[in-house]
Amino acid sequence: MHSTAGEQPGAVGQVSRARAITSVNRTPSRIIVVMHKPVTIVILGAGLGTRMKSRQAKVLHRAGGKPLLQHVVDTALSLAPPERIFAVVGHQADQVRQSVAASGIGFIEQTEQKGTGHAVLIGRDSLARMDGYLMILYGDSPLLRTATLRRLIERETEGSAAGVLISALMDDPTGYGRVIRDERGGVLDVVEQNVCTPEQLAMREANMGIYCFRADLFWKHVDEIRPNNPAGEYYLTDMPAILTRAGHTVEAMQIEDPGEALGINDRAQLALVDAIFRERKRSALMAEGVTLIKPETITIDSTVEIGMDTIVEPFAQILGTTTIGENCRIGACSIIRDSALGDAVEIGAFTVVNTSTLERGASAGPFARLRMLNHVEAGAHIGNFVELKKTRMRAGAKAGHLAYLGDSDIGARVNIGAGTITCNYDGYKKHATEIGEGAFVGSNSTLVAPLEIGAGAYVAAGSVITQTVPPDALAIGRGRQENKPEWAMKRRKLAKTVEAKNVS
Ligand code: UD1
Ligand code: MG
């Protein structure tokens with residue numbers, strides 16, 4: 001195998017040497033294989049997915065933390081550059097397009113869904129210009145692994161078949177098209193479940209709906225697909241029979257694990273696929289040195305990154321674009337979404353962290369809520385029943401118990417007493433609170449924003465603070481205490497006299 005390590009990742013089609021795969025470029029996030037023969041990938045995702053019983057297009061439903069189509073697009077991107085990837089969209093085309101727009105792939109709109117064959121045909125103008133090979137993936141089959149698709153491409157590009165499809169032997173192939181082979185093992189036809197003869201129904205080799213064709217032969221013959229089935233649709237599954245009739249061969253590449261090509265048609269299958277993604281992610285993290293306690297209870301999106309020796313406790317959910325450093329502890333039942341945690345961060349049980357950053361050695365919880373856009377600097381501490389919103393806790397600052405800090409900038413080493421509340425909203429606008437380095441805010445203080453408390457200042461417990469506190473000052477904002485000697489004793493005496501009168 002040649003080494004062409006200097007080439008651009010994903011430059012499929014610009015290389016032309018003797019063997020199919022010439023180099024593997026490793027990037028931290030994915031492996032890109034550069035192939036001799038260009039492969040164009042079409043992902044079908046126009047269907048509504050009637051069996052989902054949903055107002056949302058099927059490929060927008062999520063599994064493993066990503067929309068179904070996004071999974072397939074990500075897999076496709078590890079095999080071809082975005083200019084050679086097209087998604088066929090139809091139902092809720094705009095939303096579907098938007099959900100994967102960042103990937104830079106092309107789109108083909110199928111306004112009327114007349115079948116899987118029709119979905120490819122409709123893109124003829126953009127697709128037939130592409131030489132090499134045409135791979136077709138279904139947007140509702142997100143579990144397929146890159147390695148399997150790579151094998152499919154190799155089998156097609158290195159052999160002489162006009163096309164190769166992926167099949168699997170299934171105990172119960174209900175719902176799938178059946179693969180009909182000739183005596184030499186070639187594929188004669190794919191027959192959909194609803195038109196199978198009883199003998200065909202008994203066949204266990206199912207079509208997984210993934211194909212790689214020689215592009216020239218595909219486009220030469222695709223017009224021969226006829227809508228001659230009960231649904232009146234153009235079925236892509238007619239292509240093997242058409243190519244075979246024209247004197248070409250079509251092969252089926254059997255995969256070991258039919259679960260990999262599981263198509264999602266209803267909610268139960270969606271849940272199953274989600275569970276498989278979760279399991280894959282947990283296994284990958286454990287292999288990289290992350291401890292998961294009772295892993296089967298933990299939910300981690302495929303997009304999450306976690307460093308070595310971090311411990312995740314039962315029932316934690318770690319979601320979205322979250323990144324977690326090394327040596328952290330994520331407490332039981334915590335939910336962490338779209339957040340960045342440095343090394344050695346401690347998240348106590350039942351803590352919710354959303355779109356926030358926690359630097360090295362910071363801690364939050366148990367029972368804390370970092371609602372949105374907070375920044376907790378190194379070594380700062382957020383304790384139980386503390387809520388933060390758009391707040392910066394500078395290095396070493398502490399809010400140990402029962403507080404609400406919103407739109408605030410809390411200086412380094414500040415101590416926020418239990419029950420402190422920033423009154424950041426006047427019914428119309430949000431206002432900021434700024435507390436200088438080393439200040440001490442006594443328990444149960446009410447800080448009416450906009451407000452500035454100077455560095456090193458003290459706020460007496462129970463104060464309502466409405467004016468700027470100068471640095472190093474003591475602010476007391478509460479009624480003065482008055483003691484009335486023997487008041488209680490006299491009160492009791494009076495009560496007794498009244499009682500005696502009432503009885504007599
Ligand atoms: C299809 C195959 C079947 C295979 C199964 C594997 C056909 C005719 N049948 O059946 O042999 O065993 O997948 O999962 O291909 N789509 C469009 N436009 C359309 C119709 C469908 O884009 O006009 C898209 C859908 O959004 C979906 C994919 O194609 O992502 C597959 O369609 P679906 O209706 O789920 O086909 P199956 O009945 O599962
Ligand atoms: Mg399907």
# chains A, B, ... in the order shown; residues from 1 in each chain; ligands from 1
$ select_by_dssp --residues "stretch 244-480 of chain A" --states "strand (DSSP E)" --output "PyMOL selection string"
chain A and resi 250-254+291-292+299-300+305-306+311-312+317-319+323-324+329-330+335-337+340-341+346-347+352-354+357-358+363-364+369-372+375-376+381-389+392-393+398-406+408-410+415-416+421-423+433-435+440-441+446-448+451-453+458-459+464-465+474-475
$ write_last_selection --atoms "C-alpha atoms" --output "compact mmCIF listing (two decimals), in the first residue's frame"
# COMPACT_ATOMS: atom_id res chain seq x y z
CA VAL A 250 -24.41 -7.71 -8.16
CA GLU A 251 -23.01 -9.04 -4.90
CA ALA A 252 -24.25 -9.04 -1.32
CA MET A 253 -21.79 -8.41 1.49
CA GLN A 254 -23.13 -10.16 4.54
CA THR A 291 -14.52 4.90 35.30
CA LEU A 292 -18.29 4.51 34.99
CA THR A 299 -26.34 8.46 29.56
CA ILE A 300 -23.55 10.10 27.58
CA GLU A 305 -15.35 14.03 25.57
CA ILE A 306 -14.10 12.87 28.98
CA ILE A 311 -15.26 8.92 37.64
CA VAL A 312 -18.89 9.10 36.61
CA GLN A 317 -26.37 12.40 32.12
CA ILE A 318 -23.58 14.11 30.19
CA LEU A 319 -24.91 15.76 27.08
CA THR A 323 -15.97 18.29 27.54
CA ILE A 324 -14.65 17.02 30.88
CA ARG A 329 -15.92 13.26 39.63
CA ILE A 330 -19.42 13.59 38.23
CA ILE A 335 -27.08 16.51 34.34
CA ILE A 336 -24.30 18.30 32.49
CA ARG A 337 -25.07 19.88 29.13
CA ALA A 340 -16.61 22.66 29.71
CA LEU A 341 -15.04 21.20 32.87
CA GLU A 346 -16.00 17.84 41.43
CA ILE A 347 -19.69 17.81 40.64
CA VAL A 352 -27.47 20.53 36.94
CA VAL A 353 -24.84 22.33 34.85
CA ASN A 354 -25.85 24.04 31.61
CA THR A 357 -17.37 26.57 32.29
CA LEU A 358 -15.71 25.20 35.43
CA SER A 363 -16.59 22.23 42.60
CA ALA A 364 -20.37 22.42 42.47
CA ARG A 369 -27.86 24.52 39.57
CA LEU A 370 -25.59 26.35 37.16
CA ARG A 371 -28.38 27.54 34.94
CA MET A 372 -26.66 29.21 31.98
CA HIS A 375 -17.85 30.75 34.58
CA VAL A 376 -16.48 29.21 37.74
CA HIS A 381 -16.92 26.38 45.13
CA ILE A 382 -20.68 26.30 44.59
CA GLY A 383 -22.49 24.44 47.37
CA ASN A 384 -25.90 22.90 47.89
CA PHE A 385 -29.05 24.70 46.78
CA VAL A 386 -27.11 27.46 45.07
CA GLU A 387 -28.32 28.74 41.70
CA LEU A 388 -26.06 30.63 39.31
CA LYS A 389 -27.08 32.48 36.17
CA ARG A 392 -18.55 34.63 37.07
CA MET A 393 -17.11 33.20 40.27
CA LYS A 398 -17.30 30.40 47.59
CA ALA A 399 -21.07 30.27 47.77
CA GLY A 400 -21.60 27.31 50.06
CA HIS A 401 -25.34 27.19 50.69
CA LEU A 402 -28.76 28.36 49.57
CA ALA A 403 -28.02 31.37 47.33
CA TYR A 404 -29.09 32.91 44.02
CA LEU A 405 -26.41 34.74 42.10
CA GLY A 406 -27.57 36.16 38.75
CA SER A 408 -22.96 38.79 38.85
CA ASP A 409 -19.22 39.10 38.92
CA ILE A 410 -17.97 37.67 42.20
CA ASN A 415 -17.37 34.46 50.58
CA ILE A 416 -21.09 34.50 49.88
CA ILE A 421 -29.88 36.68 46.96
CA THR A 422 -29.00 39.03 44.10
CA CYS A 423 -32.16 40.91 43.17
CA THR A 433 -23.95 42.89 40.72
CA GLU A 434 -20.20 43.29 41.10
CA ILE A 435 -18.38 42.17 44.23
CA PHE A 440 -17.45 38.94 52.72
CA VAL A 441 -21.22 38.85 52.27
CA THR A 446 -30.39 40.87 49.79
CA LEU A 447 -28.27 42.57 47.15
CA VAL A 448 -30.44 44.91 45.08
CA LEU A 451 -24.87 47.16 42.82
CA GLU A 452 -21.17 47.32 43.52
CA ILE A 453 -19.51 45.99 46.65
CA TYR A 458 -18.13 43.33 54.69
CA VAL A 459 -21.89 43.09 54.40
CA VAL A 464 -30.78 44.71 52.31
CA ILE A 465 -28.08 46.47 50.32
CA LEU A 474 -18.86 47.44 56.63
CA ALA A 475 -22.39 47.83 55.29
$ residues_around --residues "stretch 223-240 of chain A" --least-positions-apart "2" --cutoff "6 Å" --atoms "only C-alpha atoms" --output "list of chain:residue names"
A:Lys114, A:Gly115, A:Thr116, A:Gly117, A:His118, A:Asp189, A:Val190, A:His221, A:Ile242, A:Leu243, A:Val250
$ select_by_dssp --residues "stretch 230-303 of chain A" --states "alpha helix (DSSP H)" --output "NGL selection string"
:A and (239-245 or 267-287)
$ write_last_selection --atoms "N, CA and C atoms" --output "compact mmCIF listing (two decimals), in the first residue's frame"
# COMPACT_ATOMS: atom_id res chain seq x y z
N MET A 239 -32.80 -2.33 -8.60
CA MET A 239 -31.54 -2.20 -9.35
C MET A 239 -30.76 -3.51 -9.49
N PRO A 240 -30.66 -4.35 -8.45
CA PRO A 240 -29.93 -5.61 -8.65
C PRO A 240 -30.49 -6.44 -9.80
N ALA A 241 -31.82 -6.57 -9.86
CA ALA A 241 -32.42 -7.37 -10.94
C ALA A 241 -32.16 -6.72 -12.30
N ILE A 242 -32.26 -5.39 -12.35
CA ILE A 242 -32.05 -4.67 -13.61
C ILE A 242 -30.61 -4.86 -14.11
N LEU A 243 -29.66 -4.71 -13.21
CA LEU A 243 -28.24 -4.85 -13.61
C LEU A 243 -27.93 -6.29 -14.00
N THR A 244 -28.52 -7.24 -13.28
CA THR A 244 -28.28 -8.65 -13.59
C THR A 244 -28.83 -8.98 -14.98
N ARG A 245 -30.02 -8.47 -15.27
CA ARG A 245 -30.62 -8.69 -16.59
C ARG A 245 -29.75 -8.13 -17.70
N ARG A 267 -41.06 4.15 17.13
CA ARG A 267 -40.46 4.66 18.37
C ARG A 267 -39.71 3.58 19.14
N ALA A 268 -40.19 2.34 19.06
CA ALA A 268 -39.52 1.27 19.79
C ALA A 268 -38.13 1.06 19.21
N GLN A 269 -38.03 1.10 17.86
CA GLN A 269 -36.72 0.95 17.24
C GLN A 269 -35.83 2.15 17.55
N LEU A 270 -36.45 3.33 17.67
CA LEU A 270 -35.67 4.53 18.02
C LEU A 270 -35.04 4.34 19.40
N ALA A 271 -35.81 3.82 20.35
CA ALA A 271 -35.30 3.60 21.71
C ALA A 271 -34.18 2.55 21.69
N LEU A 272 -34.35 1.54 20.89
CA LEU A 272 -33.35 0.48 20.80
C LEU A 272 -32.03 1.01 20.24
N VAL A 273 -32.14 1.81 19.18
CA VAL A 273 -30.94 2.37 18.56
C VAL A 273 -30.26 3.35 19.53
N ASP A 274 -31.06 4.12 20.24
CA ASP A 274 -30.50 5.04 21.24
C ASP A 274 -29.70 4.25 22.28
N ALA A 275 -30.26 3.16 22.74
CA ALA A 275 -29.59 2.33 23.75
C ALA A 275 -28.26 1.78 23.20
N ILE A 276 -28.25 1.43 21.92
CA ILE A 276 -27.01 0.89 21.32
C ILE A 276 -25.94 1.98 21.23
N PHE A 277 -26.36 3.19 20.84
CA PHE A 277 -25.40 4.30 20.79
C PHE A 277 -24.81 4.57 22.18
N ARG A 278 -25.68 4.54 23.20
CA ARG A 278 -25.21 4.81 24.57
C ARG A 278 -24.19 3.77 24.99
N GLU A 279 -24.49 2.55 24.67
CA GLU A 279 -23.60 1.44 25.03
C GLU A 279 -22.25 1.60 24.32
N ARG A 280 -22.29 1.94 23.04
CA ARG A 280 -21.04 2.14 22.29
C ARG A 280 -20.20 3.23 22.93
N LYS A 281 -20.86 4.33 23.31
CA LYS A 281 -20.13 5.47 23.87
C LYS A 281 -19.51 5.09 25.22
N ARG A 282 -20.29 4.39 26.05
CA ARG A 282 -19.75 4.00 27.36
C ARG A 282 -18.56 3.08 27.20
N SER A 283 -18.65 2.12 26.30
CA SER A 283 -17.54 1.19 26.08
C SER A 283 -16.31 1.95 25.62
N ALA A 284 -16.50 2.89 24.70
CA ALA A 284 -15.36 3.65 24.17
C ALA A 284 -14.70 4.45 25.30
N LEU A 285 -15.50 5.07 26.16
CA LEU A 285 -14.94 5.88 27.25
C LEU A 285 -14.20 5.00 28.25
N MET A 286 -14.78 3.86 28.58
CA MET A 286 -14.11 2.96 29.54
C MET A 286 -12.78 2.48 28.96
N ALA A 287 -12.78 2.21 27.64
CA ALA A 287 -11.53 1.77 26.99
C ALA A 287 -10.48 2.87 27.07
$ atom_distance --atom1 "atom CA of A:Thr322" --atom2 "atom CA of A:His431"
28.8 Å
$ atom_distance --atom1 "atom CA of A:Thr174" --atom2 "atom CA of A:His91"
25.7 Å
$ decode --residues "stretch 361-401 of chain A" --atoms "N, CA and C atoms" --output "CSV table (one decimal), in the first residue's frame"
chain,number,residue,atom,x,y,z
A,361,GLY,N,-10.1,22.2,39.4
A,361,GLY,CA,-10.3,22.2,40.8
A,361,GLY,C,-11.6,22.9,41.3
A,362,ALA,N,-12.4,23.3,40.4
A,362,ALA,CA,-13.7,24.0,40.9
A,362,ALA,C,-14.6,22.9,41.4
A,363,SER,N,-15.6,23.2,42.2
A,363,SER,CA,-16.6,22.2,42.6
A,363,SER,C,-18.0,22.8,42.7
A,364,ALA,N,-19.0,22.0,42.4
A,364,ALA,CA,-20.4,22.4,42.5
A,364,ALA,C,-21.2,21.3,43.0
A,365,GLY,N,-22.2,21.6,43.9
A,365,GLY,CA,-23.1,20.6,44.3
A,365,GLY,C,-22.6,20.0,45.6
A,366,PRO,N,-23.4,19.0,46.2
A,366,PRO,CA,-24.6,18.4,45.6
A,366,PRO,C,-25.7,19.4,45.6
A,367,PHE,N,-26.7,19.1,44.7
A,367,PHE,CA,-28.0,19.9,44.6
A,367,PHE,C,-27.7,21.4,44.2
A,368,ALA,N,-26.8,21.6,43.3
A,368,ALA,CA,-26.6,23.0,42.8
A,368,ALA,C,-27.1,23.1,41.4
A,369,ARG,N,-27.4,24.3,40.9
A,369,ARG,CA,-27.9,24.5,39.6
A,369,ARG,C,-27.1,25.7,38.9
A,370,LEU,N,-26.3,25.3,37.9
A,370,LEU,CA,-25.6,26.4,37.2
A,370,LEU,C,-26.4,26.5,35.9
A,371,ARG,N,-27.3,27.5,35.9
A,371,ARG,CA,-28.4,27.5,34.9
A,371,ARG,C,-27.9,27.8,33.5
A,372,MET,N,-27.2,28.9,33.3
A,372,MET,CA,-26.7,29.2,32.0
A,372,MET,C,-25.5,30.2,32.0
A,373,LEU,N,-24.6,30.0,31.1
A,373,LEU,CA,-23.5,30.9,30.9
A,373,LEU,C,-22.7,31.4,32.1
A,374,ASN,N,-22.4,30.4,33.0
A,374,ASN,CA,-21.6,30.8,34.2
A,374,ASN,C,-20.1,30.4,33.9
A,375,HIS,N,-19.3,31.1,34.7
A,375,HIS,CA,-17.9,30.7,34.6
A,375,HIS,C,-17.3,30.6,36.0
A,376,VAL,N,-17.0,29.4,36.4
A,376,VAL,CA,-16.5,29.2,37.7
A,376,VAL,C,-15.0,29.0,37.6
A,377,GLU,N,-14.2,29.9,38.2
A,377,GLU,CA,-12.8,29.8,38.0
A,377,GLU,C,-12.1,28.8,38.9
A,378,ALA,N,-10.8,28.6,38.8
A,378,ALA,CA,-10.1,27.6,39.5
A,378,ALA,C,-10.4,27.6,41.0
A,379,GLY,N,-10.7,26.5,41.5
A,379,GLY,CA,-10.8,26.3,43.0
A,379,GLY,C,-12.1,27.0,43.6
A,380,ALA,N,-12.9,27.6,42.8
A,380,ALA,CA,-14.1,28.2,43.3
A,380,ALA,C,-15.1,27.1,43.7
A,381,HIS,N,-16.0,27.4,44.6
A,381,HIS,CA,-16.9,26.4,45.1
A,381,HIS,C,-18.4,26.9,45.1
A,382,ILE,N,-19.2,26.0,44.6
A,382,ILE,CA,-20.7,26.3,44.6
A,382,ILE,C,-21.3,25.2,45.4
A,383,GLY,N,-22.0,25.5,46.5
A,383,GLY,CA,-22.5,24.4,47.4
A,383,GLY,C,-23.9,24.1,47.1
A,384,ASN,N,-24.5,23.4,48.1
A,384,ASN,CA,-25.9,22.9,47.9
A,384,ASN,C,-26.9,24.0,47.8
A,385,PHE,N,-27.9,23.8,47.0
A,385,PHE,CA,-29.1,24.7,46.8
A,385,PHE,C,-28.6,26.1,46.4
A,386,VAL,N,-27.6,26.2,45.6
A,386,VAL,CA,-27.1,27.5,45.1
A,386,VAL,C,-27.4,27.5,43.6
A,387,GLU,N,-28.0,28.6,43.1
A,387,GLU,CA,-28.3,28.7,41.7
A,387,GLU,C,-27.5,29.9,41.1
A,388,LEU,N,-26.9,29.6,40.0
A,388,LEU,CA,-26.1,30.6,39.3
A,388,LEU,C,-26.6,30.9,37.9
A,389,LYS,N,-26.7,32.2,37.5
A,389,LYS,CA,-27.1,32.5,36.2
A,389,LYS,C,-26.2,33.6,35.7
A,390,LYS,N,-25.6,33.4,34.5
A,390,LYS,CA,-24.7,34.4,33.9
A,390,LYS,C,-23.8,35.0,35.0
A,391,THR,N,-23.1,34.2,35.7
A,391,THR,CA,-22.3,34.7,36.8
A,391,THR,C,-20.9,34.1,36.7
A,392,ARG,N,-19.9,35.0,37.0
A,392,ARG,CA,-18.5,34.6,37.1
A,392,ARG,C,-18.1,34.5,38.5
A,393,MET,N,-17.7,33.4,38.9
A,393,MET,CA,-17.1,33.2,40.3
A,393,MET,C,-15.6,33.2,40.1
A,394,ARG,N,-14.9,34.2,40.5
A,394,ARG,CA,-13.5,34.2,40.3
A,394,ARG,C,-12.8,33.2,41.2
A,395,ALA,N,-11.5,33.1,41.0
A,395,ALA,CA,-10.7,32.0,41.6
A,395,ALA,C,-10.9,32.0,43.1
A,396,GLY,N,-11.2,30.8,43.6
A,396,GLY,CA,-11.3,30.6,45.1
A,396,GLY,C,-12.6,31.2,45.7
A,397,ALA,N,-13.5,31.8,45.0
A,397,ALA,CA,-14.7,32.4,45.6
A,397,ALA,C,-15.6,31.2,46.0
A,398,LYS,N,-16.5,31.5,47.1
A,398,LYS,CA,-17.3,30.4,47.6
A,398,LYS,C,-18.7,30.9,47.8
A,399,ALA,N,-19.7,30.0,47.4
A,399,ALA,CA,-21.1,30.3,47.8
A,399,ALA,C,-21.5,28.9,48.2
A,400,GLY,N,-21.5,28.7,49.5
A,400,GLY,CA,-21.6,27.3,50.1
A,400,GLY,C,-23.0,26.8,50.2
A,401,HIS,N,-24.0,27.7,50.4
A,401,HIS,CA,-25.3,27.2,50.7
A,401,HIS,C,-26.4,28.2,50.3
